[in-house]
Number of protein chains: 2
Amino acid sequence: MTIQETATARPAGRPRSEKAERAIIEATLDLIGEGMGVSELSIEAIASRAGVGKTTIYRRWSNKEDLVVDALATLKAPPPPVKGESVRDDLITLLDAMRGEADQARTRCVMNIAMSESDRYPRLMERFFKAAVEPRRQAMRDVIARGVANGELKPDLDVEMVMRILSGAMMMFRKWGEPSELAPDLAERLVDTVMTGIAP
Amino acid sequence: MTIQETATARPAGRPRSEKAERAIIEATLDLIGEGMGVSELSIEAIASRAGVGKTTIYRRWSNKEDLVVDALATLKAPPPPVKGESVRDDLITLLDAMRGEADQARTRCVMNIAMSESDRYPRLMERFFKAAVEPRRQAMRDVIARGVANGELKPDLDVEMVMRILSGAMMMFRKWGEPSELAPDLAERLVDTVMTGIAP
DNA sequence: GCGTTGCGAAACTTAAGCGTATCGAAATTA
DNA sequence: TAATTTCGATACGCTTAAGTTTCGCAACGC
């Protein structure tokens, strides 16, 4: 038992640079954020962008897919906390978080990939969905279910349908909306429209 | 004036095979339908799939992008006609057409491309949107505007918002819905939910 | 100091795909 | 029949990138 022995004894030799590791992931996300699809990402471009040798990448990930999975996993920002006072306010909070992410090219393009490459990289997407998407879906599901339970929403709602309506609309705005349509009150107007309906 | 001269005199030599042309377009759409992105499509793969020489492709299209534009253009089925009796029914008709297309892998993947490659191939997507997407958006816009005008819908509706809500929800179902969620009454339930709202 | 491992850089082999050129055969007009 | 053009097939030179190897140097434990 030496002093250094914490949990795992450090192996001999120079330790791997965490800085390089972060730079690689950053570079990967940068390139994805610039609109690059998984198949267009090249290890060479990542290495060059990160200021790193290709060996340093291959020492950590055996192929591009593994690297992309790890990179996307770092983006799994948790859904914003909701106050729990009013269902309307909580839905606005969740949806406005989606809107806010549209500013960041990086997270904007992640959805592109999720949408377009789920056929080509099913394992990658399965892992990404479980880590990043499902928690947010669950947060919204909870809010809606709460509203159904306490009478703030109709008692016979199809919760899944409501989730598709709200997040689908926000996705449309994010993806194809004019910048002017992404106004700060977008989430509020969306929720109110869906709450009260469009019939007179 | 010879007998053969119809509109344009046919040039000498063997005429281009329309069969080959169709086979090329079919092969292109097949590959896209299998989940291939534009950047992954290779002329060689298309030629091989179509049973055609590469020259036969290059004789018609000068590059991949032009070919893809033409191929996608053949998919621009016009929006279904609406009866014009009730706004609810017309919206269901339009949205159910979207649902029906989810069956065809080919058209399903076109949306993938539209979503993911609009950054990388802006010109291509601009043309595709104008030819294929905008007519459908206009059809829905007309129906909603009619409802606003004749009192079937609320007078102060944000038409663009309603369009995003309806088509966004259907897109979510198409893209990530379980097959069981794409039930025949999906469009009807969607429209009714949006019509009446979710608040009690 | 010494052995070990990681570092970035560069060279290397292999593979895919582009766009062009060339071939003999087939289809068409004159 | 002769001229012309397209056909599918194949070969070519070129570029890009994958993944591996080698290099000299740096960082660490002992």
# chains A, B, ... in the order shown; residues from 1 in each chain; ligands from 1

call {"tool": "interface_residues", "arguments": {"of": "chain B", "to": "chain C", "cutoff": "9 Å", "atoms": "only C-alpha atoms (C1' of nucleotides)", "output": "ChimeraX atom specification"}}
result
/B:10-15,42-44,58

call {"tool": "write_last_selection", "arguments": {"atoms": "N, CA and C atoms", "output": "mmCIF file, in the first residue's frame"}}
result
data_model
loop_
_atom_site.group_PDB
_atom_site.id
_atom_site.type_symbol
_atom_site.label_atom_id
_atom_site.label_comp_id
_atom_site.auth_asym_id
_atom_site.auth_seq_id
_atom_site.Cartn_x
_atom_site.Cartn_y
_atom_site.Cartn_z
ATOM 1 N N ARG B 10 -35.388 14.627 -84.720
ATOM 2 C CA ARG B 10 -34.547 13.762 -83.897
ATOM 3 C C ARG B 10 -33.125 13.783 -84.432
ATOM 4 N N PRO B 11 -32.157 13.938 -83.578
ATOM 5 C CA PRO B 11 -30.773 13.945 -84.052
ATOM 6 C C PRO B 11 -30.375 12.549 -84.489
ATOM 7 N N ALA B 12 -29.362 12.488 -85.298
ATOM 8 C CA ALA B 12 -28.888 11.194 -85.784
ATOM 9 C C ALA B 12 -28.351 10.375 -84.628
ATOM 10 N N GLY B 13 -28.200 9.099 -84.854
ATOM 11 C CA GLY B 13 -27.594 8.222 -83.852
ATOM 12 C C GLY B 13 -28.605 7.537 -82.974
ATOM 13 N N ARG B 14 -28.100 6.632 -82.184
ATOM 14 C CA ARG B 14 -28.971 5.860 -81.287
ATOM 15 C C ARG B 14 -29.603 6.780 -80.253
ATOM 16 N N PRO B 15 -30.883 6.694 -80.068
ATOM 17 C CA PRO B 15 -31.519 7.586 -79.078
ATOM 18 C C PRO B 15 -31.222 7.136 -77.658
ATOM 19 N N SER B 42 -23.053 7.171 -53.970
ATOM 20 C CA SER B 42 -21.983 7.222 -54.949
ATOM 21 C C SER B 42 -22.536 6.896 -56.327
ATOM 22 N N ILE B 43 -22.002 7.611 -57.293
ATOM 23 C CA ILE B 43 -22.429 7.374 -58.668
ATOM 24 C C ILE B 43 -22.180 5.915 -59.040
ATOM 25 N N GLU B 44 -21.094 5.396 -58.549
ATOM 26 C CA GLU B 44 -20.775 4.001 -58.859
ATOM 27 C C GLU B 44 -21.843 3.065 -58.332
ATOM 28 N N TYR B 58 -23.362 10.100 -66.478
ATOM 29 C CA TYR B 58 -22.707 11.396 -66.691
ATOM 30 C C TYR B 58 -23.166 12.047 -67.990
#

call {"tool": "interface_residues", "arguments": {"of": "chain A", "to": "chain B", "cutoff": "9 Å", "atoms": "only C-alpha atoms", "output": "PyMOL selection string"}}
result
chain A and resi 34-37+39-40+109+111-120+151-155+157-158+161-173+175-176+189-190+192-200

call {"tool": "write_last_selection", "arguments": {"atoms": "C-alpha atoms", "output": "short mmCIF file (atom, residue, chain, number, x, y, z; two decimals), in the first residue's frame"}}
result
data_model
loop_
_atom_site.label_atom_id
_atom_site.label_comp_id
_atom_site.auth_asym_id
_atom_site.auth_seq_id
_atom_site.Cartn_x
_atom_site.Cartn_y
_atom_site.Cartn_z
CA GLU A 34 -20.99 22.87 -38.41
CA GLY A 35 -23.44 20.58 -40.11
CA MET A 36 -21.30 17.56 -40.73
CA GLY A 37 -22.99 14.20 -40.73
CA SER A 39 -20.37 9.72 -42.39
CA GLU A 40 -18.66 12.93 -43.38
CA CYS A 109 -27.14 19.87 -35.31
CA MET A 111 -31.05 16.84 -33.65
CA ASN A 112 -30.24 16.73 -37.33
CA ILE A 113 -28.16 13.70 -36.71
CA ALA A 114 -30.73 12.11 -34.50
CA MET A 115 -33.29 12.59 -37.20
CA SER A 116 -31.31 11.61 -40.22
CA GLU A 117 -28.90 8.96 -39.14
CA SER A 118 -31.00 6.77 -36.93
CA ASP A 119 -31.37 4.37 -39.83
CA ARG A 120 -27.70 4.22 -40.61
CA GLY A 151 -57.46 18.50 -13.24
CA GLU A 152 -55.34 21.13 -14.93
CA LEU A 153 -55.71 19.15 -18.14
CA LYS A 154 -58.51 17.09 -19.58
CA PRO A 155 -58.88 13.76 -17.82
CA LEU A 157 -55.85 13.01 -22.69
CA ASP A 158 -53.58 10.88 -24.81
CA MET A 161 -50.14 12.56 -28.44
CA VAL A 162 -49.75 15.78 -26.48
CA MET A 163 -46.02 15.25 -26.19
CA ARG A 164 -45.70 14.75 -29.94
CA ILE A 165 -47.73 17.87 -30.58
CA LEU A 166 -45.71 20.12 -28.30
CA SER A 167 -42.23 18.89 -29.08
CA GLY A 168 -43.00 18.37 -32.75
CA ALA A 169 -44.10 21.95 -33.14
CA MET A 170 -41.02 23.23 -31.37
CA MET A 171 -38.84 21.08 -33.55
CA MET A 172 -40.43 22.47 -36.66
CA PHE A 173 -39.67 25.99 -35.48
CA LYS A 175 -35.39 23.42 -37.78
CA TRP A 176 -37.16 25.51 -40.35
CA ARG A 189 -47.79 31.06 -27.46
CA LEU A 190 -47.35 27.44 -28.42
CA ASP A 192 -51.48 28.48 -24.99
CA THR A 193 -52.55 27.52 -28.48
CA VAL A 194 -52.41 23.84 -27.62
CA MET A 195 -54.08 24.39 -24.25
CA THR A 196 -57.11 26.25 -25.54
CA GLY A 197 -57.34 24.64 -28.96
CA ILE A 198 -58.06 26.25 -32.27
CA ALA A 199 -61.79 25.72 -32.47
CA PRO A 200 -63.87 28.70 -31.39
#

call {"tool": "atom_distance", "arguments": {"atom1": "atom CA of Glu21 of chain A", "atom2": "atom CA of Leu67 of chain A"}}
result
10.5 Å

call {"tool": "closest_atom_pairs", "arguments": {"of": "chain B", "to": "chain D", "cutoff": "12 Å", "atoms": "only C-alpha atoms (C1' of nucleotides)", "output": "CSV"}}
result
residue,atom,partner,partner_atom,distance
B:Arg10,CA,D:DT5,C1',11.4
B:Pro11,CA,D:DT5,C1',8.6
B:Ala12,CA,D:DT4,C1',5.7
B:Gly13,CA,D:DT5,C1',3.8
B:Arg14,CA,D:DT5,C1',4.8
B:Pro15,CA,D:DT6,C1',6.4
B:Arg16,CA,D:DT6,C1',6.0
B:Ser17,CA,D:DT6,C1',7.9
B:Glu18,CA,D:DT6,C1',11.4
B:Lys19,CA,D:DC7,C1',11.7
B:Ala20,CA,D:DC7,C1',9.5
B:Ala47,CA,D:DG8,C1',10.1
B:Ser48,CA,D:DG8,C1',10.5
B:Ala50,CA,D:DG8,C1',11.2
B:Gly51,CA,D:DG8,C1',8.1
B:Val52,CA,D:DG8,C1',6.1
B:Gly53,CA,D:DG8,C1',5.2
B:Lys54,CA,D:DG8,C1',8.7
B:Thr55,CA,D:DG8,C1',8.8
B:Thr56,CA,D:DC7,C1',7.8
B:Ile57,CA,D:DG8,C1',11.5
B:Arg59,CA,D:DT6,C1',9.5
B:Arg60,CA,D:DT6,C1',11.5

call {"tool": "write_last_selection", "arguments": {"atoms": "C-alpha atoms", "output": "compact mmCIF listing (two decimals), in the first residue's frame"}}
result
# COMPACT_ATOMS: atom_id res chain seq x y z
CA ARG B 10 -34.55 13.76 -83.90
CA PRO B 11 -30.77 13.94 -84.05
CA ALA B 12 -28.89 11.19 -85.78
CA GLY B 13 -27.59 8.22 -83.85
CA ARG B 14 -28.97 5.86 -81.29
CA PRO B 15 -31.52 7.59 -79.08
CA ARG B 16 -31.05 7.72 -75.35
CA SER B 17 -32.75 4.94 -73.51
CA GLU B 18 -35.61 6.14 -71.38
CA LYS B 19 -35.51 2.81 -69.66
CA ALA B 20 -31.97 3.47 -68.51
CA ALA B 47 -24.79 2.79 -61.78
CA SER B 48 -24.29 -0.68 -60.42
CA ALA B 50 -29.33 0.45 -62.07
CA GLY B 51 -27.35 -1.97 -64.25
CA VAL B 52 -25.97 0.93 -66.18
CA GLY B 53 -22.59 2.31 -67.10
CA LYS B 54 -21.30 5.39 -65.37
CA THR B 55 -21.10 7.12 -68.73
CA THR B 56 -24.83 6.76 -69.12
CA ILE B 57 -25.27 8.74 -65.93
CA ARG B 59 -24.17 11.86 -70.14
CA ARG B 60 -27.39 13.04 -68.47

call {"tool": "atom_distance", "arguments": {"atom1": "atom CA of Asn150 of chain A", "atom2": "atom CA of Gly100 of chain A"}}
result
29.1 Å

call {"tool": "select_by_dssp", "arguments": {"residues": "chain A", "states": "helix (DSSP H, G or I)", "output": "JSON, numbers by chain"}}
result
{"A": [18, 19, 20, 21, 22, 23, 24, 25, 26, 27, 28, 29, 30, 31, 32, 33, 43, 44, 45, 46, 47, 48, 49, 50, 54, 55, 56, 57, 58, 64, 65, 66, 67, 68, 69, 70, 71, 72, 73, 87, 88, 89, 90, 91, 92, 93, 94, 95, 96, 97, 98, 99, 100, 101, 105, 106, 107, 108, 109, 110, 111, 112, 113, 114, 115, 116, 122, 123, 124, 125, 126, 127, 128, 129, 130, 131, 132, 133, 134, 135, 136, 137, 138, 139, 140, 141, 142, 143, 144, 145, 146, 147, 148, 149, 150, 159, 160, 161, 162, 163, 164, 165, 166, 167, 168, 169, 170, 171, 172, 173, 174, 175, 176, 179, 180, 181, 186, 187, 188, 189, 190, 191, 192, 193, 194, 195, 196]}

call {"tool": "residues_around", "arguments": {"residues": "Asp70 of chain A", "least_positions_apart": "6", "cutoff": "12 Å", "atoms": "only C-alpha atoms (C1' of nucleotides)", "output": "list in words"}}
result
Glu21, Arg22, Ile24, Ile25, Glu26, Thr28, Leu29, Arg60, Trp61, Asn63, Lys64, Lys76, Leu124, Met125, Arg127, Phe128, Ala131 and Ala132 of chain A

call {"tool": "atom_distance", "arguments": {"atom1": "atom CA of Phe129 of chain B", "atom2": "atom CA of Gln104 of chain A"}}
result
24.5 Å

call {"tool": "closest_residue", "arguments": {"among": "A:Glu188, A:Glu178, A:Asp96, A:Asp89", "to": "Val143 of chain A", "atoms": "only C-alpha atoms"}}
result
A:Asp89

call {"tool": "decode", "arguments": {"residues": "segment 15-68 of chain A", "atoms": "C-alpha atoms", "output": "PDB file, in the first residue's frame"}}
result
ATOM      1  CA  PRO A  15      -0.551   9.166 -18.206  1.00  0.00           C
ATOM      2  CA  ARG A  16      -2.985   9.976 -20.939  1.00  0.00           C
ATOM      3  CA  SER A  17      -3.669  13.647 -21.375  1.00  0.00           C
ATOM      4  CA  GLU A  18      -7.149  14.620 -20.318  1.00  0.00           C
ATOM      5  CA  LYS A  19      -6.659  17.865 -22.128  1.00  0.00           C
ATOM      6  CA  ALA A  20      -6.163  16.019 -25.400  1.00  0.00           C
ATOM      7  CA  GLU A  21      -9.227  13.953 -24.711  1.00  0.00           C
ATOM      8  CA  ARG A  22     -11.345  17.015 -24.154  1.00  0.00           C
ATOM      9  CA  ALA A  23      -9.917  18.670 -27.244  1.00  0.00           C
ATOM     10  CA  ILE A  24     -10.863  15.654 -29.329  1.00  0.00           C
ATOM     11  CA  ILE A  25     -14.427  15.650 -28.084  1.00  0.00           C
ATOM     12  CA  GLU A  26     -14.706  19.399 -28.537  1.00  0.00           C
ATOM     13  CA  ALA A  27     -13.432  19.150 -32.079  1.00  0.00           C
ATOM     14  CA  THR A  28     -15.873  16.365 -32.834  1.00  0.00           C
ATOM     15  CA  LEU A  29     -18.787  18.385 -31.555  1.00  0.00           C
ATOM     16  CA  ASP A  30     -17.575  21.459 -33.369  1.00  0.00           C
ATOM     17  CA  LEU A  31     -17.544  19.641 -36.666  1.00  0.00           C
ATOM     18  CA  ILE A  32     -20.940  18.103 -36.051  1.00  0.00           C
ATOM     19  CA  GLY A  33     -22.127  21.552 -35.080  1.00  0.00           C
ATOM     20  CA  GLU A  34     -20.993  22.873 -38.414  1.00  0.00           C
ATOM     21  CA  GLY A  35     -23.442  20.582 -40.114  1.00  0.00           C
ATOM     22  CA  MET A  36     -21.301  17.561 -40.726  1.00  0.00           C
ATOM     23  CA  GLY A  37     -22.990  14.200 -40.733  1.00  0.00           C
ATOM     24  CA  VAL A  38     -21.465  11.189 -39.102  1.00  0.00           C
ATOM     25  CA  SER A  39     -20.373   9.718 -42.391  1.00  0.00           C
ATOM     26  CA  GLU A  40     -18.664  12.928 -43.384  1.00  0.00           C
ATOM     27  CA  LEU A  41     -16.747  13.270 -40.170  1.00  0.00           C
ATOM     28  CA  SER A  42     -13.177  12.220 -40.694  1.00  0.00           C
ATOM     29  CA  ILE A  43     -10.770  11.246 -37.995  1.00  0.00           C
ATOM     30  CA  GLU A  44      -8.174  13.290 -39.779  1.00  0.00           C
ATOM     31  CA  ALA A  45     -10.298  16.403 -39.604  1.00  0.00           C
ATOM     32  CA  ILE A  46     -10.993  15.809 -35.946  1.00  0.00           C
ATOM     33  CA  ALA A  47      -7.332  15.273 -35.161  1.00  0.00           C
ATOM     34  CA  SER A  48      -6.329  18.349 -37.081  1.00  0.00           C
ATOM     35  CA  ARG A  49      -9.019  20.480 -35.458  1.00  0.00           C
ATOM     36  CA  ALA A  50      -8.074  19.228 -32.029  1.00  0.00           C
ATOM     37  CA  GLY A  51      -4.366  19.743 -32.624  1.00  0.00           C
ATOM     38  CA  VAL A  52      -3.779  16.118 -31.895  1.00  0.00           C
ATOM     39  CA  GLY A  53      -2.205  13.149 -33.618  1.00  0.00           C
ATOM     40  CA  LYS A  54      -4.396  10.452 -35.051  1.00  0.00           C
ATOM     41  CA  THR A  55      -2.713   7.943 -32.786  1.00  0.00           C
ATOM     42  CA  THR A  56      -4.014   9.810 -29.796  1.00  0.00           C
ATOM     43  CA  ILE A  57      -7.530   9.278 -31.050  1.00  0.00           C
ATOM     44  CA  TYR A  58      -7.114   5.651 -31.995  1.00  0.00           C
ATOM     45  CA  ARG A  59      -5.556   4.926 -28.643  1.00  0.00           C
ATOM     46  CA  ARG A  60      -8.860   5.878 -27.007  1.00  0.00           C
ATOM     47  CA  TRP A  61     -11.568   4.947 -29.488  1.00  0.00           C
ATOM     48  CA  SER A  62     -11.336   2.100 -31.901  1.00  0.00           C
ATOM     49  CA  ASN A  63     -13.505   3.745 -34.507  1.00  0.00           C
ATOM     50  CA  LYS A  64     -15.472   6.797 -35.414  1.00  0.00           C
ATOM     51  CA  GLU A  65     -18.775   5.539 -34.102  1.00  0.00           C
ATOM     52  CA  ASP A  66     -17.501   5.005 -30.580  1.00  0.00           C
ATOM     53  CA  LEU A  67     -16.031   8.470 -30.554  1.00  0.00           C
ATOM     54  CA  VAL A  68     -19.252  10.061 -31.736  1.00  0.00           C
TER      55      VAL A  68
END
